[in-house]
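Notes to accompany the following structure.
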Amino acid sequence: MNGKENYLNALLHKETAWIPVEGEGLVYTGFEGNSMEKGPRGGGKDGFGVTWVTPDSGGGTALPEPGNFLLDEETICDWRSIIKFPDVSAYHWEADAKEQLYSVDRTVTAVDYGDGNGPFERLAAFMGFENALISIAMEPEAVEGLLTAITDYKLKALDYIAKYYQPDTYTLYDDVAT
């Protein structure tokens with residue numbers, strides 16, 4: 001059994017030879033490599049206009065710049081005029097996929113596309129964690145509209161992810177770990 005088979009067996013609750021780990025038949029792509037979602041490596045604006053920073057305390061992981069948000073609990077109802085969704089068709093999907101997959105032997109290595117900034121995480125990137133929670137409580141209809149728009153955007157991106165990465169698995173990250 002090769003690493004790819006072992007990883008896919010684990011997902012399907014079939015017998016495995018070992019516990020799958022990255023580097024043994026599994027490679028993670030996407031996530032930090034997608035500047036439309038997390039800004040350029042080392043920090044900067046993403047496709048939505050959110051500024052990302054990479055503080056030492058986060059181990060180099062990008063996070064929205066604290067205190068520099070596009071929305072807050074006062075402007076959540078106006079999100080349609082404030083938030084500008086990037087054009088997924090204009091992004092450099094093919095180049096990113098080639099860069100991230102250039103040395104991957106797909107016959108023995110499974111590819112997971114890790115899609116950072118799920119709907120809740122993107123909401124928090126727009127307005128900070130506290131403002132997101134306050135807005136969910138105070139303006140649930142506005143937040144639902146924004147979360148639906150974020151989900152629709154993610155679904156459009158999936159077409160490009162499928163075409164250029166052809167991942168074996170897809171992980172939508174929707175946590176706030178840093």
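Ligands are numbered from 1 in the order shown, residues from 1 within each chain, and chains are lettered A, B, ... in the order they appear in the structure tokens.
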
Fewer than 4 positions away in the same chain doesn't count, so skip those; otherwise give me all residues within 6 Å of stretch 69-82 of chain A, counting only C-alpha atoms, as a ChimeraX atom specification. /A:126-127,131,135,142

Preceding selection exported with N, CA and C atoms as a PDB file, in the first residue's frame:
ATOM      1  N   PHE A 126     -13.074  40.129   8.190  1.00  0.00           N
ATOM      2  CA  PHE A 126     -13.655  41.420   7.816  1.00  0.00           C
ATOM      3  C   PHE A 126     -13.838  42.350   9.006  1.00  0.00           C
ATOM      4  N   MET A 127     -14.101  41.775  10.206  1.00  0.00           N
ATOM      5  CA  MET A 127     -14.523  42.646  11.296  1.00  0.00           C
ATOM      6  C   MET A 127     -13.976  42.301  12.670  1.00  0.00           C
ATOM      7  N   ASN A 131     -16.429  41.644  17.043  1.00  0.00           N
ATOM      8  CA  ASN A 131     -17.466  42.303  16.248  1.00  0.00           C
ATOM      9  C   ASN A 131     -18.307  41.294  15.480  1.00  0.00           C
ATOM     10  N   SER A 135     -22.252  41.019  15.986  1.00  0.00           N
ATOM     11  CA  SER A 135     -23.106  41.181  14.801  1.00  0.00           C
ATOM     12  C   SER A 135     -24.027  39.984  14.598  1.00  0.00           C
ATOM     13  N   ALA A 142     -28.439  40.402   8.500  1.00  0.00           N
ATOM     14  CA  ALA A 142     -27.328  40.968   7.734  1.00  0.00           C
ATOM     15  C   ALA A 142     -26.157  39.987   7.680  1.00  0.00           C
TER      16      ALA A 142
END

Per residue of stretch 12-72 of chain A within 6 Å of stretch 88-112 of chain A, note the shortest atom pair and the distance in Å to one decimal, counting only C-alpha atoms, and order the rows by chain and increasing residue number, as a Markdown table.
| residue | atom | partner | partner_atom | distance |
| --- | --- | --- | --- | --- |
| A:Gly25 | CA | A:Thr109 | CA | 4.1 |
| A:Leu26 | CA | A:Ala110 | CA | 4.7 |
| A:Val27 | CA | A:Val111 | CA | 5.2 |
| A:Tyr28 | CA | A:Asp112 | CA | 5.0 |

What is the atom CA of A:Pro119-atom CA of A:Asp174 distance in Å, reported with one decimal?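 Separation between atom CA of A:Pro119 and atom CA of A:Asp174: 6.7 Å.
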
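Distance annotation: of A:Lys14, A:Ile83, A:Gln166, A:Glu24, the residue with the minimal separation from A:Asn2 is A:Glu24; atom set is only C-alpha atoms.
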
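With distances restricted to only C-alpha atoms, A:Thr171 is the closest residue to A:Gly30 from A:Thr171, A:Asn9, A:Thr151, A:Asn68.
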
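Backbone DSSP over stretch 55-126 of chain A gives strand (DSSP E or B) for Leu63, Pro64, Ala110, Val111, Asp112, Tyr113, Gly114 and Asp115 of chain A.
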
Only N, CA and C atoms, please: the residues just picked out, written as a tab-separated table (two decimals), in the first residue's frame.
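Done, and the output landed in again19.tsv:
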chain	number	residue	atom	x	y	z
A	63	LEU	N	-2.50	36.47	9.65
A	63	LEU	CA	-3.76	36.77	10.31
A	63	LEU	C	-4.15	38.20	9.98
A	64	PRO	N	-5.46	38.50	10.03
A	64	PRO	CA	-5.88	39.86	9.74
A	64	PRO	C	-5.23	40.84	10.71
A	110	ALA	N	-1.39	11.71	-2.26
A	110	ALA	CA	-2.71	12.35	-2.29
A	110	ALA	C	-2.52	13.86	-2.13
A	111	VAL	N	-3.37	14.61	-2.80
A	111	VAL	CA	-3.33	16.06	-2.72
A	111	VAL	C	-4.59	16.55	-2.03
A	112	ASP	N	-4.39	17.32	-0.95
A	112	ASP	CA	-5.50	17.98	-0.28
A	112	ASP	C	-5.41	19.46	-0.58
A	113	TYR	N	-6.52	20.04	-1.02
A	113	TYR	CA	-6.56	21.50	-1.17
A	113	TYR	C	-7.15	22.05	0.11
A	114	GLY	N	-6.35	22.80	0.85
A	114	GLY	CA	-6.80	23.43	2.09
A	114	GLY	C	-7.26	24.84	1.79
A	115	ASP	N	-8.54	25.07	1.91
A	115	ASP	CA	-9.14	26.35	1.57
A	115	ASP	C	-9.34	27.17	2.84
